[in-house]
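> Next up, input.cif (mmCIF, C-alpha atoms, pLDDT in the B column; chains and numbers go by the auth columns).
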data_model
loop_
_atom_site.group_PDB
_atom_site.id
_atom_site.type_symbol
_atom_site.label_atom_id
_atom_site.label_comp_id
_atom_site.label_asym_id
_atom_site.label_seq_id
_atom_site.Cartn_x
_atom_site.Cartn_y
_atom_site.Cartn_z
_atom_site.B_iso_or_equiv
_atom_site.auth_seq_id
_atom_site.auth_asym_id
ATOM 1 C CA MET A 1 4.478 -66.078 -89.955 51.00 13 A
ATOM 2 C CA THR A 2 1.197 -67.453 -91.236 62.00 14 A
ATOM 3 C CA SER A 3 -1.089 -65.532 -93.518 69.00 15 A
ATOM 4 C CA PRO A 4 -4.254 -64.146 -91.958 78.00 16 A
ATOM 5 C CA GLU A 5 -7.503 -65.829 -92.836 84.00 17 A
ATOM 6 C CA THR A 6 -9.316 -64.237 -95.767 89.00 18 A
ATOM 7 C CA ILE A 7 -12.942 -63.216 -95.540 92.00 19 A
ATOM 8 C CA GLY A 8 -13.878 -66.064 -97.881 95.00 20 A
ATOM 9 C CA GLN A 9 -11.994 -68.609 -95.790 93.00 21 A
ATOM 10 C CA ARG A 10 -13.640 -67.312 -92.631 93.00 22 A
ATOM 11 C CA ILE A 11 -17.134 -67.480 -94.102 96.00 23 A
ATOM 12 C CA MET A 12 -16.520 -71.002 -95.388 97.00 24 A
ATOM 13 C CA ARG A 13 -15.093 -72.170 -92.046 95.00 25 A
ATOM 14 C CA GLU A 14 -18.024 -70.759 -90.099 95.00 26 A
ATOM 15 C CA ARG A 15 -20.537 -72.136 -92.612 97.00 27 A
ATOM 16 C CA LEU A 16 -19.040 -75.623 -92.457 98.00 28 A
ATOM 17 C CA GLU A 17 -18.966 -75.567 -88.642 97.00 29 A
ATOM 18 C CA LEU A 18 -22.732 -75.016 -88.775 97.00 30 A
ATOM 19 C CA SER A 19 -23.137 -77.731 -91.450 98.00 31 A
ATOM 20 C CA ILE A 20 -24.748 -75.226 -93.826 97.00 32 A
ATOM 21 C CA THR A 21 -24.339 -75.725 -97.567 98.00 33 A
ATOM 22 C CA GLN A 22 -23.464 -72.902 -99.911 98.00 34 A
ATOM 23 C CA ARG A 23 -26.973 -73.209 -101.316 98.00 35 A
ATOM 24 C CA GLU A 24 -28.560 -72.844 -97.874 98.00 36 A
ATOM 25 C CA LEU A 25 -26.412 -69.816 -97.054 98.00 37 A
ATOM 26 C CA ALA A 26 -27.157 -68.251 -100.430 98.00 38 A
ATOM 27 C CA GLU A 27 -30.901 -68.697 -99.929 98.00 39 A
ATOM 28 C CA LYS A 28 -30.787 -67.257 -96.401 98.00 40 A
ATOM 29 C CA VAL A 29 -28.919 -64.126 -97.540 98.00 41 A
ATOM 30 C CA SER A 30 -30.825 -63.747 -100.832 98.00 42 A
ATOM 31 C CA VAL A 31 -27.978 -64.197 -103.310 98.00 43 A
ATOM 32 C CA GLY A 32 -27.098 -66.865 -105.834 97.00 44 A
ATOM 33 C CA VAL A 33 -24.941 -69.874 -105.042 98.00 45 A
ATOM 34 C CA PRO A 34 -22.251 -68.750 -107.520 98.00 46 A
ATOM 35 C CA HIS A 35 -21.858 -65.505 -105.579 98.00 47 A
ATOM 36 C CA ILE A 36 -21.225 -67.362 -102.296 98.00 48 A
ATOM 37 C CA SER A 37 -18.841 -69.726 -104.093 98.00 49 A
ATOM 38 C CA LYS A 38 -16.856 -66.815 -105.527 98.00 50 A
ATOM 39 C CA ILE A 39 -16.712 -65.061 -102.145 96.00 51 A
ATOM 40 C CA GLU A 40 -15.407 -68.184 -100.446 97.00 52 A
ATOM 41 C CA ALA A 41 -12.858 -68.697 -103.236 97.00 53 A
ATOM 42 C CA GLY A 42 -11.664 -65.107 -102.907 93.00 54 A
ATOM 43 C CA ARG A 43 -12.764 -64.095 -106.394 96.00 55 A
ATOM 44 C CA GLU A 44 -15.421 -61.610 -105.222 94.00 56 A
ATOM 45 C CA ASN A 45 -15.723 -59.261 -102.278 91.00 57 A
ATOM 46 C CA PRO A 46 -19.079 -59.066 -100.529 93.00 58 A
ATOM 47 C CA SER A 47 -20.641 -55.698 -99.839 92.00 59 A
ATOM 48 C CA ASP A 48 -20.868 -54.517 -96.241 88.00 60 A
ATOM 49 C CA GLU A 49 -24.620 -55.141 -96.393 93.00 61 A
ATOM 50 C CA LEU A 50 -24.106 -58.720 -97.544 96.00 62 A
ATOM 51 C CA LEU A 51 -21.476 -59.258 -94.851 93.00 63 A
ATOM 52 C CA ALA A 52 -24.050 -58.154 -92.278 93.00 64 A
ATOM 53 C CA ARG A 53 -26.593 -60.681 -93.598 97.00 65 A
ATOM 54 C CA ILE A 54 -23.989 -63.453 -93.683 97.00 66 A
ATOM 55 C CA ALA A 55 -22.875 -62.622 -90.137 95.00 67 A
ATOM 56 C CA SER A 56 -26.460 -62.848 -88.933 96.00 68 A
ATOM 57 C CA VAL A 57 -26.966 -66.284 -90.501 97.00 69 A
ATOM 58 C CA LEU A 58 -23.644 -67.542 -89.132 97.00 70 A
ATOM 59 C CA GLY A 59 -24.304 -66.154 -85.654 96.00 71 A
ATOM 60 C CA LEU A 60 -21.409 -63.694 -85.798 92.00 72 A
ATOM 61 C CA GLU A 61 -21.093 -60.007 -85.070 88.00 73 A
ATOM 62 C CA THR A 62 -21.104 -57.942 -88.261 87.00 74 A
ATOM 63 C CA GLU A 63 -18.052 -56.041 -87.034 82.00 75 A
ATOM 64 C CA GLU A 64 -16.129 -59.304 -86.754 84.00 76 A
ATOM 65 C CA LEU A 65 -16.575 -60.024 -90.458 85.00 77 A
ATOM 66 C CA LEU A 66 -15.859 -56.399 -91.342 84.00 78 A
ATOM 67 C CA LEU A 67 -12.547 -56.664 -89.498 82.00 79 A
ATOM 68 C CA VAL A 68 -11.648 -59.933 -91.217 82.00 80 A
ATOM 69 C CA ALA A 69 -12.521 -58.248 -94.530 83.00 81 A
ATOM 70 C CA ARG A 70 -10.241 -55.376 -93.457 82.00 82 A
ATOM 71 C CA ARG A 71 -13.056 -52.859 -93.545 81.00 83 A
ATOM 72 C CA LEU A 72 -13.036 -50.915 -90.332 75.00 84 A
ATOM 73 C CA PRO A 73 -16.337 -49.141 -89.782 72.00 85 A
ATOM 74 C CA ASP A 74 -16.139 -45.339 -90.012 77.00 86 A
ATOM 75 C CA ASP A 75 -17.335 -44.928 -86.434 79.00 87 A
ATOM 76 C CA LEU A 76 -14.463 -47.102 -85.181 75.00 88 A
ATOM 77 C CA ILE A 77 -11.928 -45.148 -87.230 76.00 89 A
ATOM 78 C CA ASP A 78 -13.437 -41.906 -85.891 81.00 90 A
ATOM 79 C CA ALA A 79 -13.219 -43.186 -82.304 78.00 91 A
ATOM 80 C CA LEU A 80 -9.587 -44.198 -82.737 76.00 92 A
ATOM 81 C CA ALA A 81 -8.714 -40.917 -84.455 81.00 93 A
ATOM 82 C CA SER A 82 -10.409 -38.858 -81.745 86.00 94 A
ATOM 83 C CA ASP A 83 -8.095 -40.306 -79.096 82.00 95 A
ATOM 84 C CA PRO A 84 -4.855 -41.270 -80.863 81.00 96 A
ATOM 85 C CA LYS A 85 -2.933 -41.765 -77.605 83.00 97 A
ATOM 86 C CA GLN A 86 -5.388 -44.378 -76.359 79.00 98 A
ATOM 87 C CA ALA A 87 -5.564 -45.942 -79.831 77.00 99 A
ATOM 88 C CA LEU A 88 -1.776 -46.311 -79.933 81.00 100 A
ATOM 89 C CA GLU A 89 -1.716 -47.837 -76.453 79.00 101 A
ATOM 90 C CA PHE A 90 -4.362 -50.322 -77.545 74.00 102 A
ATOM 91 C CA LEU A 91 -2.516 -51.205 -80.769 72.00 103 A
ATOM 92 C CA ARG A 92 0.756 -51.716 -78.913 77.00 104 A
ATOM 93 C CA THR A 93 -0.808 -54.521 -76.873 77.00 105 A
ATOM 94 C CA PHE A 94 -0.956 -56.789 -79.941 64.00 106 A
ATOM 95 C CA ASP A 95 1.727 -59.429 -80.330 57.00 107 A
ATOM 96 C CA ARG A 96 2.909 -59.224 -83.949 54.00 108 A
ATOM 97 C CA LYS A 97 4.838 -62.509 -84.083 51.00 109 A
#
Transcribe the structure of this file into structure tokens.


Amino acid sequence: MTSPETIGQRIMRERLELSITQRELAEKVSVGVPHISKIEAGRENPSDELLARIASVLGLETEELLLVARRLPDDLIDALASDPKQALEFLRTFDRK
């Protein structure tokens, strides 16, 4: 079984696919280059707000990065909790190989 991609790995992969440097990404999301470098290296965790800005620059849905970062939004947790039977049916469709 392979390890899931970390949030830093995902951000770096998406950034490189767009041929954006760390400096360019940092400028577009209003943080320093060292912060982006540490996020990509897995030494820092970005805030939800920063994830939203990064997602926008990379052309991703904010929720996608929140899921990769293992931060389910409260409204999604509430929706799943309000209908546990449907949530369980949905979760059982995943192949856990």

> Please identify all polymer residues within 7 Å of segment 23-28 of chain A, counting all atoms listed in the file, omitting same-chain residues fewer than 3 positions from it, and present them as a list of chain:residue names.

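Close residues of segment 23-28 of chain A: A:Ile19, A:Gly20, A:Ser31, A:Ile32, A:Glu52, A:Leu70.
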
> Using only C-alpha atoms, which protein or nucleic acid residues come within 12 Å of Glu39 of chain A? Drop anything in the same chain fewer than 6 positions from it, and give the result as a PyMOL selection string.

chain A and resi 32-33+45-48+65-66+69

> So how many Å separate atom CA of Glu29 of chain A and atom CA of Ser59 of chain A, to one decimal?

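A separation of 22.9 Å between them.
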
> Between atom CA of Gln21 of chain A and atom CA of Arg104 of chain A, what is the spacing in Å?

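Answer for the atom CA of Arg104 of chain A to atom CA of Gln21 of chain A separation: 27.1 Å.
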
> My list of candidates is A:Ser68, A:Leu30, A:Pro58, A:Ala99. Which is closest to Val80 of chain A when distances are computed with all atoms listed in the file?

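The closest residue to Val80 of chain A is A:Pro58.
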
> Just to confirm, what's the straight-line distance from atom CA of Glu61 of chain A to atom CA of Phe102 of chain A in Å (one decimal)?

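Atom CA of Phe102 of chain A lies 28.1 Å from atom CA of Glu61 of chain A.
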
> Taking only C-alpha atoms into account, which of A:Thr18, A:Lys97, A:Asp87, A:Ala38 comes nearest Arg55 of chain A?

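Looking at the shortest contact to Arg55 of chain A, the residue is A:Thr18.
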
> Give the answer as one residue: which of A:Gly71, A:Glu101, A:Pro96, A:Leu63 has the shortest atom-to-atom distance to Arg83 of chain A, using all atoms listed in the file?

A:Leu63

> Restricting the calculation to only C-alpha atoms: of A:Ser49, A:Leu92, A:Arg22, A:Glu75, which residue gets closest to Gln34 of chain A?

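The shortest atom-to-atom distance to Gln34 of chain A comes from A:Ser49.
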
> Would you output chain A from that structure, restricted to C-alpha atoms, as a CSV table (one decimal), in the first residue's frame?


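To be explicit, this is the file written out as out_2.csv:
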chain,number,residue,atom,x,y,z
A,13,MET,CA,0.0,0.0,0.0
A,14,THR,CA,1.4,3.4,-0.9
A,15,SER,CA,1.3,6.4,1.3
A,16,PRO,CA,-1.2,9.1,0.5
A,17,GLU,CA,0.2,12.3,-0.9
A,18,THR,CA,0.9,15.0,1.7
A,19,ILE,CA,-0.5,18.5,1.3
A,20,GLY,CA,3.0,19.8,0.7
A,21,GLN,CA,3.6,17.2,-2.1
A,22,ARG,CA,0.3,18.0,-3.7
A,23,ILE,CA,0.9,21.7,-3.7
A,24,MET,CA,4.4,21.2,-5.1
A,25,ARG,CA,3.1,18.8,-7.8
A,26,GLU,CA,0.3,21.2,-8.9
A,27,ARG,CA,2.7,24.2,-8.8
A,28,LEU,CA,5.3,22.4,-11.0
A,29,GLU,CA,2.6,21.3,-13.5
A,30,LEU,CA,1.8,25.0,-13.9
A,31,SER,CA,5.5,25.9,-14.2
A,32,ILE,CA,5.2,28.3,-11.2
A,33,THR,CA,8.2,28.9,-9.0
A,34,GLN,CA,7.9,28.9,-5.2
A,35,ARG,CA,8.6,32.6,-5.4
A,36,GLU,CA,5.8,33.3,-7.8
A,37,LEU,CA,3.3,31.2,-5.7
A,38,ALA,CA,4.5,33.0,-2.5
A,39,GLU,CA,3.9,36.4,-4.1
A,40,LYS,CA,0.5,35.5,-5.4
A,41,VAL,CA,-0.7,34.2,-2.0
A,42,SER,CA,1.1,37.0,0.0
A,43,VAL,CA,3.5,34.9,2.0
A,44,GLY,CA,7.3,34.5,2.0
A,45,VAL,CA,9.1,32.0,-0.1
A,46,PRO,CA,10.4,30.2,3.1
A,47,HIS,CA,6.9,29.6,4.2
A,48,ILE,CA,6.0,27.9,0.8
A,49,SER,CA,9.2,25.9,1.0
A,50,LYS,CA,8.4,24.6,4.5
A,51,ILE,CA,4.9,23.7,3.5
A,52,GLU,CA,6.1,21.7,0.5
A,53,ALA,CA,8.7,20.0,2.6
A,54,GLY,CA,6.1,19.1,5.2
A,55,ARG,CA,7.7,21.2,8.0
A,56,GLU,CA,4.7,23.6,8.3
A,57,ASN,CA,1.0,23.3,7.9
A,58,PRO,CA,-0.8,26.1,6.0
A,59,SER,CA,-3.9,27.6,7.5
A,60,ASP,CA,-7.3,27.0,5.9
A,61,GLU,CA,-7.2,30.6,4.6
A,62,LEU,CA,-3.8,30.1,3.0
A,63,LEU,CA,-5.0,26.8,1.5
A,64,ALA,CA,-7.9,28.6,-0.1
A,65,ARG,CA,-5.5,31.2,-1.6
A,66,ILE,CA,-3.2,28.5,-2.9
A,67,ALA,CA,-6.1,26.5,-4.3
A,68,SER,CA,-7.2,29.6,-6.2
A,69,VAL,CA,-3.8,30.3,-7.7
A,70,LEU,CA,-3.4,26.6,-8.7
A,71,GLY,CA,-6.9,26.4,-10.2
A,72,LEU,CA,-8.1,23.9,-7.6
A,73,GLU,CA,-11.2,23.7,-5.4
A,74,THR,CA,-10.4,24.7,-1.9
A,75,GLU,CA,-12.2,21.6,-0.6
A,76,GLU,CA,-9.8,19.4,-2.6
A,77,LEU,CA,-6.8,20.8,-0.7
A,78,LEU,CA,-8.7,20.7,2.6
A,79,LEU,CA,-9.3,17.0,2.0
A,80,VAL,CA,-5.7,16.3,1.1
A,81,ALA,CA,-4.7,18.2,4.3
A,82,ARG,CA,-7.1,16.0,6.1
A,83,ARG,CA,-9.2,18.9,7.3
A,84,LEU,CA,-12.8,18.2,6.5
A,85,PRO,CA,-14.9,21.3,6.5
A,86,ASP,CA,-17.4,21.5,9.4
A,87,ASP,CA,-20.4,21.7,7.0
A,88,LEU,CA,-19.3,18.4,5.4
A,89,ILE,CA,-18.9,16.7,8.8
A,90,ASP,CA,-22.3,18.1,9.8
A,91,ALA,CA,-23.9,16.8,6.5
A,92,LEU,CA,-22.4,13.3,7.0
A,93,ALA,CA,-23.4,13.3,10.7
A,94,SER,CA,-27.0,14.3,9.9
A,95,ASP,CA,-27.5,11.2,7.7
A,96,PRO,CA,-25.1,8.5,9.0
A,97,LYS,CA,-26.8,5.8,7.0
A,98,GLN,CA,-26.1,7.6,3.7
A,99,ALA,CA,-22.6,8.5,4.9
A,100,LEU,CA,-21.8,4.9,5.7
A,101,GLU,CA,-23.1,3.8,2.3
A,102,PHE,CA,-21.0,6.4,0.6
A,103,LEU,CA,-17.8,5.4,2.6
A,104,ARG,CA,-18.3,1.7,1.8
A,105,THR,CA,-18.0,2.5,-1.9
A,106,PHE,CA,-14.3,3.2,-1.5
A,107,ASP,CA,-11.8,0.6,-2.4
A,108,ARG,CA,-9.2,0.4,0.4
A,109,LYS,CA,-6.6,-1.7,-1.3
